[in-house]
Every structure is written in structure tokens, then in C-alpha cells.
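Here the structure comes first, spelled out in C-alpha cells, and everything after it is commentary.
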Amino acid sequence: MTTTGFIIATIIKILVVLGLFSALAGFGTYLERKVLAFMQRRLGPMHVGPYGVLQVLADGIKLFTKEDIIPQNAVKPIFMIAPIIGAATAFIALAAVPILPEFEIFGVKVHPIIADINVGVLFVLGVMASGLFAPLLAGMASSNKWGLLGAARTAIQLLSYEVVTGLSILAPLMLVGSLSLIDINNYQSGGFTDWIVWSQPVAFVLFLIAGFAETNRTPFDLLEHEAEIVSGYATEYSGMRWGMFFIGEYANMITLGFLASLIFLGGFNDWGFIPGGLAIVLKVSFLFFFFLWTRAAWPHVRPDQLMWLCWKVLMPIAVLNVVVTGIVLMM
Amino acid sequence: MFEAIAFYTFSAITIVMFWITVTSKNALYAMSALAAGMIMISGFFFLLDADFLGVVQIIVYTGAVMALYAFGMMFFDTTRDVKERVRAPKLVFLLSGMTALVLVIALVAPILGDHIEALYPMKEGIENPQAVGVVLFTKYLVPFEVAAVMLLVAMIAGIVLAGKKMDESLTLKVEDEFTQKGAQ
């Protein structure tokens with residue numbers, strides 16, 4: 001492919017990924033309300049459009065037209081940048097994720113990945129982790145006690161759960177021997193029994209738990225725990241700036257779904273009679289549903305319980321898992 | 001051409017960010033600019049095809065600067081300017097300026113004299129992480145392990161210094177106080 005062709009293809013891919021995933025992130029809020037309503041025996045949004053499908057649009061109009069309030073004592077530029085960091089890092093992380101298997105369109109072979117770098121896993125995790133600067137800066141800049149508490153919780157949660165994510169993912173990487181998400185996917189090409197989740201079940205569970213903490217989902221959403229610190233880092237935000245945090249959060253949930261299905265659940269390999277492209281969409285949808293399911297089923301934890309879980313339970317198990325995997329590989 | 005554009009963009013952003021870090025009086029500005037500058041440096045690694053080091057730069061400095069934020073949060077009101085008292089501003093300027101100059105000369109001299117060459121050049125067919133691993137676990141094994149031991153020592157010292165009453169739960173203690181006060 002020529003340089004010009006490559007540039008045009010990359011720009012088209014970027015636009016498609018941005019458009020598709022911001023739409024999906026918006027639609028995720030509707031799905032979340034519907035699933036929660038179903039589990040709590042309510043109806044959820046019903047009035048706007050059939051079954052309330054257009055609720056997303058109504059919310060969008062509301063957020064866009066709301067007044068953008070910036071508190072008087074806030075540190076203005078940082079207060080304004082923080083939500084953009086949240087949304088931007090979520091989409092930058094998607095740049096190294098292979099979304100579908102290769103396919104042909106109009107006689108051109110398309111690799112549905114924006115940047116195929118050979119350290120894909122690390123890049124995605126690193127950029128997702130730097131997304132936690134968003135709640136941290138938001139909380140510290142808004143000169144609000146609840147915001148500051150939210151920011152402090154962000155710092156602890158990130159520094160602790162980053163360790164668990166890294167260690168849990170190390171064991172499957174040792175099996176595969178590569179950091180490229182495409183290599184990891186190809187390692188599991190032998191079908192259902194080749195999935196890494198069967199050889200590394202502990203790592204899978206640890207990765208999911210740490211994923212809940214890093215995307216700030218319910219058993220661990222202490223950053224904006226309504227019952228304790230009003231709305232945490234987002235207390236002072238309104239309108240579209242507030243909305244951007246949540247677009248980032250939902251985009252991160254989708255990215256995490258892709259990571260978990262690529263690393264542990266066989267990725268985009270054909271699954272029996274289901275073609276690969278559909279298989280990965282099904283897996284990511286299930287993991288997204290799993291996030292919502294957990295939110296409906298589990299209460300919040302306390303901050304000290306969160307730390308206890310990280311350092312006294314998850315971290316030792318992760319280290320043991322790595323050591324055992326190493327010994328088994330050596331034998 | 002794209003490499004040149006990317007290089008100059010990243011350099012400009014990095015220099016501006018570190019300039020803000022040094023000159024700003026607000027701790028929050030300084031730390032945010034530091035974080036941005038550190039992450040922008042990873043761009044240079046990506047331009048040099050050192051993907052692994054670029055990503056490590058992002059991950060390590062995200063965590064490290066986050067820890068700095070935590071300190072900032074505990075010691076300052078980060079939304080206000082920090083009042084600095086510099087006794088001898090000329091001396092500080094002179095000393096830091098000289099240090100910077102010496103560093104620049106030390107790093108630029110081998111490049112100007114063309115005396116710079118790769119001791120362990122990249123071989124074809126070896127990926128980034130493997131190459132780093134090979135050098136780290138053969139040539140630099142001892143420094144690597146010594147650094148690890150030093151970090152362990154620092155961690156144990158930190159735990160011993162900080163955790164004198166770690167076996168007692170602070171939350172339960174507060175509850176005890178409440179019940180005692182209630183009984184009085």
C-alpha cells in the first residue's frame with residue numbers, strides 16, 4: 001500500500017472508531033438503565049421513542065444545552081481540561097485494539113486496527129491507566145471537599161489496582177510469549193478448548209476484578225460514591241463536561257471487554273459455527289452485560305475494604321499465579 | 001516528513017510543559033504540566049521505534065506523578081499559589097543554570113564529536129521487549145538485582161516507620177471512642 005493510501009485508510013479507521021464507539025458509549029447508558037430496571041423489576045426509560053430508545057438523544061440535547069458552570073475558586077484551565085483527558089484517553093486506548101478479524105471490502109484488505117504495535121497490551125493498559133488523571137485533576141481543581149476526597153480515592157485506587165492488573169496479565173503473557181494482541185489472539189486459534197481462560201482461570205478472575213476498579217464500576221466506584229461523598233470528583237461539574245467523564249467511562253468498559261475477550265476468551269477466532277467477527281461482538285456484549293449485572297447484584301465496598309482486598313488478597317494470589325505458571329512452563 | 005512534524009510538535013509541547021512546571025507557583029499547574037511533559041516524552045520513543053520503552057515511560061510516569069499528586073494533596077491547598085521564600089535568588093539561578101549547562105555539554109559533546117555508537121545494536125527479527133530483556137538479564141543483571149534489593153529495603157523501611165500500630169483497626173478504634181463517650 002502506498003503512503004497516501006495508508007494515511008487515508010488510517011484516517012478513515014480513526015473516524016469510524018471514534019464515531020462508532022462514542023455512539024456505543026452513549027447507547028451504553030440506555031442499556032445500563034434498562035438492565036438495571038429489569039433486575040429491579042422496574043420499566044426503566046419508556047417515554048421517549050419505542051421502549052425509550054431515544055432517551056439517549058434526549059439526554060444528549062439536555063447535556064449540550066445546559067449551562068457550563070465553572071466555580072469561582074476552581075483552578076480554571078485544569079478544571080476545563082480534566083473531562084477532555086477522560087474521554088480522549090479512553091479513545092486513544094482503542095487505537096491499539098484489533099476490533100474485528102481481517103476482512104475485505106471493495107477488493108481492499110482491511111486490518112481493523114489503527115496502530116498495530118508489538119506491545120499492544122501494555123499500550124492499551126497504560127493509556128487507560130493515565131485516564132485516571134481525569135478524576136484526579138477534576139477533584140483537585142474544583143476546590144470542593146467532596147471533590148478532593150474523590151481525587152484522593154482516585155490516587156489510591158489507581159496505584160493499588162495497577163499492580164494487580166499488571167501481575168494478573170503477566171501469567172497469560174508468559175504462556176503466549178508476546179505482547180501483541182494479535183499474537184495473543186492467534187495463540188488461541190485452535191478453538192474453544194484453546195482459550196487461555198481454561199489454563200489461566202485465576203488470572204482471568206483477577207483481571208476482571210481489577211478491571212472493575214480501574215473503570216470505576218460499582219463494587220469499587222468509590223470515586224463518586226453518592227452515599228458518602230455526594231458525587232466525588234464530579235460534584236462541581238455540569239452539562240457536557242460532566243457527560244464527557246461518562247462517555248470516557250463507558251468507552252473504557254468497552255475497551256476492557258475487548259481486552260478480556262482477546263486475552264482470555266479466544267478473541268476473534270471462529271467459535272464453532274459462529275464466524276469470528278460475530279463471536280467477539282457477542283463476547284464483548286456479554287462482558288458489558290456482566291458489568292451491569294454486577295452493579296445490580298453487589299453493594300459498594302468501603303475504602304479500607306478495597307485496600308484490604310487489593311494488597312492482602314488479590315496481590316498475593318496474583319504473585320503466586322505468576323510463580324506457579326513460571327514453574328509449570330520451566331518443567 | 002511526518003517524523004519531522006511529529007518530532008517538532010512533541011519537542012515544542014514537552015519544552016513548554018516543563019517550562020510551566022518550573023515557573024508556575026501553583027502546585028496543581030506544576031504537577032499537571034509535569035505529567036503532560038513526561039507522557040509527551042514517550043512520543044520520542046515511539047518515533048525511534050522503541051515501542052516498549054515508550055509504553056513503559058507512560059505507565060511508570062503515570063504512577064509516579066500520581067504519587068506526587070498525593071503528596072501535593074496532603075501538604076498544600078493546591079488551588080492556591082504557593083508562597084516561596086528564596087533567600088538568594090541570584091545564587092539559585094546561577095547554580096541551577098550552571099548544572100543545566102554542564103549536563104547539556106556532557107550530553108552534546110559525544111554527538112558533536114561523532115563518538116557515539118550503539119554498544120548493543122538491535123538485531124533483525126528480535127522484538128523490542130525481547131531485546132530489552134536480553135540486555136537486562138545478561139550484561140546488566142547485577143545492577144538490576146541491586147536496584148531491586150534497594151527498592152525492597154526502602155519499602156520495608158517505609159513500612160516499619162509508618163506502620164507502628166498496623167494491627168489495630170483505626171475505624172474500630174473510633175467506634176470504641178464513641179461508645180466510651182456515649183457511656184459517660
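Within each chain, counting starts at residue 1; across the C-alpha cells, chains are named A, B, ... in the order shown, with ligands numbered 1 upward in that order.
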Produce a table with one row for each residue of chain B that has an atom at most 10 Å from any atom of chain A, each row naming the nearest atom pair and its distance in Å at one decimal; use only C-alpha atoms; arrange rows by chain and rising residue number; format as a Markdown table.
| residue | atom | partner | partner_atom | distance |
| --- | --- | --- | --- | --- |
| B:Asn26 | CA | A:Val75 | CA | 9.3 |
| B:Leu28 | CA | A:Ala141 | CA | 7.5 |
| B:Tyr29 | CA | A:Ile78 | CA | 7.6 |
| B:Met31 | CA | A:Leu137 | CA | 9.9 |
| B:Ser32 | CA | A:Leu137 | CA | 7.9 |
| B:Ala35 | CA | A:Phe133 | CA | 9.0 |
| B:Ile39 | CA | A:Ser130 | CA | 9.0 |
| B:Phe46 | CA | A:Ile117 | CA | 9.7 |
| B:Asp49 | CA | A:Ile117 | CA | 9.6 |
| B:Asp51 | CA | A:Val119 | CA | 6.7 |
| B:Phe52 | CA | A:Val119 | CA | 6.2 |
| B:Leu53 | CA | A:Val119 | CA | 9.8 |
| B:Gly54 | CA | A:Phe123 | CA | 8.7 |
| B:Val55 | CA | A:Phe123 | CA | 5.6 |
| B:Val56 | CA | A:Leu122 | CA | 8.0 |
| B:Gln57 | CA | A:Gly126 | CA | 9.2 |
| B:Ile58 | CA | A:Gly126 | CA | 6.2 |
| B:Ile59 | CA | A:Gly126 | CA | 5.0 |
| B:Val60 | CA | A:Gly126 | CA | 8.7 |
| B:Tyr61 | CA | A:Ser130 | CA | 9.1 |
| B:Thr62 | CA | A:Ser130 | CA | 5.7 |
| B:Gly63 | CA | A:Leu159 | CA | 6.3 |
| B:Ala64 | CA | A:Leu159 | CA | 8.9 |
| B:Val65 | CA | A:Phe133 | CA | 9.8 |
| B:Met66 | CA | A:Ala155 | CA | 6.2 |
| B:Ala67 | CA | A:Ala155 | CA | 7.1 |
| B:Leu68 | CA | A:Ala155 | CA | 9.7 |
| B:Tyr69 | CA | A:Ala155 | CA | 7.9 |
| B:Ala70 | CA | A:Ala155 | CA | 6.5 |
| B:Gly72 | CA | A:Met140 | CA | 9.9 |
| B:Met73 | CA | A:Ala152 | CA | 7.6 |
| B:Met74 | CA | A:Ala152 | CA | 9.2 |
| B:Asp77 | CA | A:Ser143 | CA | 8.7 |
| B:Thr78 | CA | A:Met140 | CA | 7.0 |
| B:Thr79 | CA | A:Val75 | CA | 5.9 |
| B:Arg80 | CA | A:Val75 | CA | 8.5 |
| B:Glu127 | CA | A:Asn118 | CA | 7.7 |
| B:Asn128 | CA | A:Asn118 | CA | 8.0 |
| B:Pro129 | CA | A:Val119 | CA | 8.0 |
| B:Gln130 | CA | A:Ser178 | CA | 9.1 |
| B:Ser169 | CA | A:Asp304 | CA | 9.7 |
| B:Leu170 | CA | A:Asp304 | CA | 9.9 |
| B:Thr171 | CA | A:Asp304 | CA | 9.0 |
Wanna dump the region 101-196 of chain A-region 256-273 of chain A contacts at 8 Å for me, each residue with its shortest atom pair and the distance in Å to one decimal, counting only C-alpha atoms, ordered by chain and number, as CSV?
residue,atom,partner,partner_atom,distance
A:Pro101,CA,A:Phe268,CA,5.9
A:Val121,CA,A:Leu259,CA,7.9
A:Pro172,CA,A:Ile263,CA,7.7
A:Leu181,CA,A:Leu262,CA,7.0
A:Ile184,CA,A:Ile263,CA,6.2
A:Asn185,CA,A:Gly267,CA,5.4
A:Asn186,CA,A:Asn269,CA,7.6
A:Gln188,CA,A:Gly266,CA,5.4
A:Ser189,CA,A:Asn269,CA,5.7
A:Gly191,CA,A:Trp271,CA,6.3
A:Phe192,CA,A:Trp271,CA,6.6
A:Asp194,CA,A:Gly266,CA,7.4
A:Trp195,CA,A:Gly266,CA,4.9
A:Ile196,CA,A:Phe264,CA,4.8
Limited to N, CA, C and O atoms, could you put the picked residues into a file as a PDB file, in the first residue's frame?
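Okay, this is what ended up in again-v9.pdb:
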ATOM      1  N   PRO A 101     -11.683  -9.450  13.011  1.00  0.00           N
ATOM      2  CA  PRO A 101     -10.684 -10.107  12.162  1.00  0.00           C
ATOM      3  C   PRO A 101     -10.554  -9.362  10.845  1.00  0.00           C
ATOM      4  O   PRO A 101     -11.382  -8.525  10.502  1.00  0.00           O
ATOM      5  N   VAL A 121      -0.830  -4.792  24.300  1.00  0.00           N
ATOM      6  CA  VAL A 121      -1.473  -4.931  25.609  1.00  0.00           C
ATOM      7  C   VAL A 121      -1.020  -3.826  26.552  1.00  0.00           C
ATOM      8  O   VAL A 121      -1.838  -3.159  27.194  1.00  0.00           O
ATOM      9  N   PRO A 172      -0.692 -15.034  31.586  1.00  0.00           N
ATOM     10  CA  PRO A 172      -1.030 -15.371  30.199  1.00  0.00           C
ATOM     11  C   PRO A 172       0.018 -14.895  29.198  1.00  0.00           C
ATOM     12  O   PRO A 172       0.289 -15.598  28.221  1.00  0.00           O
ATOM     13  N   LEU A 181      -1.471  -7.983  20.797  1.00  0.00           N
ATOM     14  CA  LEU A 181      -2.816  -8.545  20.967  1.00  0.00           C
ATOM     15  C   LEU A 181      -3.164  -9.509  19.840  1.00  0.00           C
ATOM     16  O   LEU A 181      -3.898 -10.465  20.034  1.00  0.00           O
ATOM     17  N   ILE A 184      -1.564 -12.818  20.655  1.00  0.00           N
ATOM     18  CA  ILE A 184      -2.312 -13.469  21.725  1.00  0.00           C
ATOM     19  C   ILE A 184      -3.573 -14.098  21.162  1.00  0.00           C
ATOM     20  O   ILE A 184      -3.933 -15.229  21.493  1.00  0.00           O
ATOM     21  N   ASN A 185      -4.224 -13.392  20.250  1.00  0.00           N
ATOM     22  CA  ASN A 185      -5.430 -13.916  19.622  1.00  0.00           C
ATOM     23  C   ASN A 185      -5.109 -15.169  18.813  1.00  0.00           C
ATOM     24  O   ASN A 185      -5.804 -16.182  18.913  1.00  0.00           O
ATOM     25  N   ASN A 186      -4.022 -15.120  18.032  1.00  0.00           N
ATOM     26  CA  ASN A 186      -3.694 -16.267  17.190  1.00  0.00           C
ATOM     27  C   ASN A 186      -3.288 -17.489  18.002  1.00  0.00           C
ATOM     28  O   ASN A 186      -3.473 -18.614  17.565  1.00  0.00           O
ATOM     29  N   GLN A 188      -4.767 -18.616  20.439  1.00  0.00           N
ATOM     30  CA  GLN A 188      -5.971 -19.339  20.834  1.00  0.00           C
ATOM     31  C   GLN A 188      -6.788 -19.782  19.631  1.00  0.00           C
ATOM     32  O   GLN A 188      -7.983 -20.028  19.748  1.00  0.00           O
ATOM     33  N   SER A 189      -6.130 -19.905  18.454  1.00  0.00           N
ATOM     34  CA  SER A 189      -6.912 -20.148  17.243  1.00  0.00           C
ATOM     35  C   SER A 189      -7.419 -21.578  17.145  1.00  0.00           C
ATOM     36  O   SER A 189      -8.188 -21.907  16.259  1.00  0.00           O
ATOM     37  N   GLY A 191      -9.591 -23.190  18.699  1.00  0.00           N
ATOM     38  CA  GLY A 191     -10.983 -23.466  19.083  1.00  0.00           C
ATOM     39  C   GLY A 191     -11.226 -23.284  20.563  1.00  0.00           C
ATOM     40  O   GLY A 191     -10.386 -22.769  21.302  1.00  0.00           O
ATOM     41  N   PHE A 192     -12.412 -23.724  20.973  1.00  0.00           N
ATOM     42  CA  PHE A 192     -12.929 -23.467  22.312  1.00  0.00           C
ATOM     43  C   PHE A 192     -11.976 -23.928  23.411  1.00  0.00           C
ATOM     44  O   PHE A 192     -11.774 -23.242  24.405  1.00  0.00           O
ATOM     45  N   ASP A 194      -8.820 -24.118  23.395  1.00  0.00           N
ATOM     46  CA  ASP A 194      -7.537 -23.408  23.422  1.00  0.00           C
ATOM     47  C   ASP A 194      -7.597 -22.079  24.159  1.00  0.00           C
ATOM     48  O   ASP A 194      -6.579 -21.421  24.318  1.00  0.00           O
ATOM     49  N   TRP A 195      -8.786 -21.650  24.569  1.00  0.00           N
ATOM     50  CA  TRP A 195      -8.913 -20.360  25.223  1.00  0.00           C
ATOM     51  C   TRP A 195      -8.030 -20.293  26.459  1.00  0.00           C
ATOM     52  O   TRP A 195      -7.943 -21.262  27.225  1.00  0.00           O
ATOM     53  N   ILE A 196      -7.401 -19.150  26.666  1.00  0.00           N
ATOM     54  CA  ILE A 196      -6.469 -19.036  27.789  1.00  0.00           C
ATOM     55  C   ILE A 196      -7.216 -19.094  29.124  1.00  0.00           C
ATOM     56  O   ILE A 196      -6.645 -19.467  30.150  1.00  0.00           O
TER      57      ILE A 196
END
Across A:His225, A:Arg217, A:Lys312, A:Arg41, the smallest distance to Phe290 (chain A), with only C-alpha atoms counted, is shown by A:Arg217
Quick one, how far is CA of Met307 (chain A) from CA of Thr165 (chain A)?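 So the answer is 14.5 Å.
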Which of region 74-106 of chain B end up as alpha helix (DSSP H) when DSSP is run on this backbone - answer as a PyMOL selection string? chain B and resi 74-75+89-106
